[in-house]
Structures are given as structure tokens and as C-alpha cells.
Amino acid sequence: MTAHVLVAEDDPHHAEILRRYLEAEGHRASVVHDGQAALEHVRRERPDLLLLDVMMPRLDGLDVCRIVRRESALPVLMLTARSGEDDLLLGLDLGADDYVTKPYSPRELMARVRTLLRRTGQETLLRFGPVLVDPERHTVTVAGEPVDCTPAEFAILTAMARHPGRVFSRAQLLEHAGGHDRESTDRAVDTHVMNLRRKIEPDPRRPSHLLSVYGVGYKLLA
């Protein structure tokens with residue numbers, strides 16, 4: 001299951017990094033750059049998780065958190081350059097579910113995201129045929145037997161498993177793999193797909209799950 005994550009971050013560079021990592025995890029990411037826009041987006045779109053920077057124009061993150069918590073149970077993960085204990089406690093007292101201090105590792109942050117989504121029921125096991133993908137434990141099994149996947153292969157498979165039947169272009173799969181494979185090209189995506197077929201298909205030469213869509217890209221069928 002994919003989640004809609006709102007990134008409220010006034011630094012465009014940091015916001016773009018978070019967007020790329022979230023989409024590599026298979027989520028839908030929206031980005032806003034000020035607190036008022038974040039509040040309006042939450043009320044209008046009802047995302048599944050809010051990544052909320054504290055220091056933002058128009059309305060700071062603490063005020064956004066206070067208002068959001070008054071209006072909904074939306075999970076909030078706060079991001080801040082402040083490292084003082086008082087600031088941490090204030091954010092948690094206002095209802096934030098978790099708190100990360102900058103600079104942070106994007107991969108660590110994605111682990112926090114997975115934990116929050118699992119806690120709120122957004123992360124589930126993904127199954128198609130004999131294949132089971134566990135986004136939380138980062139594992140793949142086929143008929144109960146574990147299968148080793150590279151990080152890029154796992155990111156591609158997870159994204160497609162969250163949207164069975166959806167056609168992904170090579171560029172979209174490249175984006176999903178981008179957080180794990182910086183040297184990826186369209187040809188590299190084809191190689192990842194070929195390797196995945198060898199690992200999950202009964203007959204890789206005649207795939208029944210991971211199918212090519214001529215002139216477009218690939219889709220995954222359950």
C-alpha cells in the first residue's frame with residue numbers, strides 16, 4: 001500500500017531529497033515550502049503522514065503541529081535544526097509523533113517514516129502470486145523461500161507491488177531506483193527487471209508477473 005506523504009520544508013534542496021527518497025520507497029510525495037501552505041494542503045488533501053520542518057515562513061512548524069493535532073490524528077514527524085532538549089519536548093508536547101534533528105541521514109529518516117506508517121496501518125505486506133514483499137523488513141520471499149535483491153531491485157519491486165497493474169515507464173522506475181543506484185540509466189533499469197525476473201518468475205523467459213509493455217515500460221500483475 002502506498003502512502004501520501006506531505007513534505008513541509010522551506011529548503012528546496014532538502015525538500016527534493018526527501019521527495020526522491022519517499023518516491024523511491026513507493027510513496028506519493030507532495031511538497032510545500034511554508035507553514036500556511038502545509039496547513040491548507042493537510043485540510044484539502046488529507047495526507048497519510050506529514051514531514052514538518054520547524055523553521056518555516058508564514059507559519060512555523062510548531063504552530064502547524066498545534067493546529068493539525070487539534071483537528072486530526074495525522075501522524076507528524078518534525079524536522080528541525082534546533083537540538084535543545086526544550087525544543088524537542090515542546091514538539092512532542094504539541095503532539096508530534098517523532099522528531100529528527102538536522103543534519104539527518106535520509107535513510108534513517110525513511111526508517112522512521114516506515115515505522116510511523118506501520119504504526120498507523122499504512123504499511124502492509126505486498127503479495128502477488130507466490131511472491132511476498134515486506135517493505136518494513138526489506139525482504140522478498142517466493143513460495144516461502146527468501147530471495148536476495150539489491151537495494152535498487154527492491155525499490156523497483158516494492159513500488160510496482162504497491163500498484164499492481166499500473167504501467168511504469170523506465171523513467172519512473174529510474175526515479176524509484178535513484179535513491180539506491182545513482183548511476184542508473186534506462187539500460188540499467190532493464191537489467192534490474194531482467195534480474196528480478198530470474199529471481200521471482202517460474203520461467204524468466206516467459207514472465208507471468210513482471211511484464212513488458214511495448215514502447216512504454218513495465219507492469220506487475222498479481
# chains A, B, ... in the order shown; residues from 1 in each chain; ligands from 1
$ residues_around --residues "Thr139 in chain A" --least-positions-apart "2" --cutoff "12 Å" --atoms "only C-alpha atoms" --output "PyMOL selection string"
chain A and resi 125-127+131-137+141-142+144-151+153-155+157-158
$ select_by_dssp --residues "range 134-192 of chain A" --states "alpha helix (DSSP H)" --output "JSON, numbers by chain"
{"A": [151, 152, 153, 154, 155, 156, 157, 158, 159, 160, 161, 170, 171, 172, 173, 174, 175, 176, 177, 186, 187, 188, 189, 190, 191, 192]}
$ atom_distance --atom1 "CA of Tyr104 in chain A" --atom2 "CA of Glu71 in chain A"
28.9 Å
$ residues_around --residues "Thr101 in chain A" --least-positions-apart "3" --cutoff "6 Å" --atoms "only C-alpha atoms" --output "ChimeraX atom specification"
/A:79-81
$ write_last_selection --atoms "C-alpha atoms" --output "short mmCIF file (atom, residue, chain, number, x, y, z; two decimals), in the first residue's frame"
data_model
loop_
_atom_site.label_atom_id
_atom_site.label_comp_id
_atom_site.auth_asym_id
_atom_site.auth_seq_id
_atom_site.Cartn_x
_atom_site.Cartn_y
_atom_site.Cartn_z
CA LEU A 79 12.38 18.11 11.27
CA THR A 80 14.46 20.78 12.94
CA ALA A 81 17.90 22.35 13.11
#
$ closest_residue --among "A:Pro202, A:His33, A:Leu220, A:Arg107" --to "His13 in chain A" --atoms "only C-alpha atoms"
A:His33
$ residues_around --residues "Ser30 in chain A" --least-positions-apart "3" --cutoff "10 Å" --atoms "only C-alpha atoms" --output "PyMOL selection string"
chain A and resi 4-8+15+19+22+27+38+41+45+47+50
$ atom_distance --atom1 "CA of Leu196 in chain A" --atom2 "CA of Tyr214 in chain A"
18.4 Å
$ atom_distance --atom1 "CA of Leu51 in chain A" --atom2 "CA of Leu173 in chain A"
23.8 Å
$ select_by_dssp --residues "range 43-176 of chain A" --states "strand (DSSP E or B)" --output "JSON, numbers by chain"
{"A": [49, 50, 51, 52, 53, 76, 77, 78, 79, 80, 98, 99, 100, 101, 126, 127, 128, 131, 132, 133, 134, 139, 140, 141, 142, 145, 146, 147, 167, 168, 169]}
$ residues_around --residues "His176 in chain A" --least-positions-apart "2" --cutoff "8 Å" --atoms "only C-alpha atoms" --output "PyMOL selection string"
chain A and resi 20-21+23-26+152+155-156+159+172-174+178-179
$ residues_around --residues "Asp10 in chain A" --least-positions-apart "4" --cutoff "10 Å" --atoms "only C-alpha atoms" --output "MDAnalysis selection string"
chainID A and resid 14:15 31:35 52:57
$ closest_residue --among "A:Glu40, A:Asp48, A:Glu16, A:Glu175" --to "Arg118 in chain A" --atoms "only C-alpha atoms"
A:Asp48
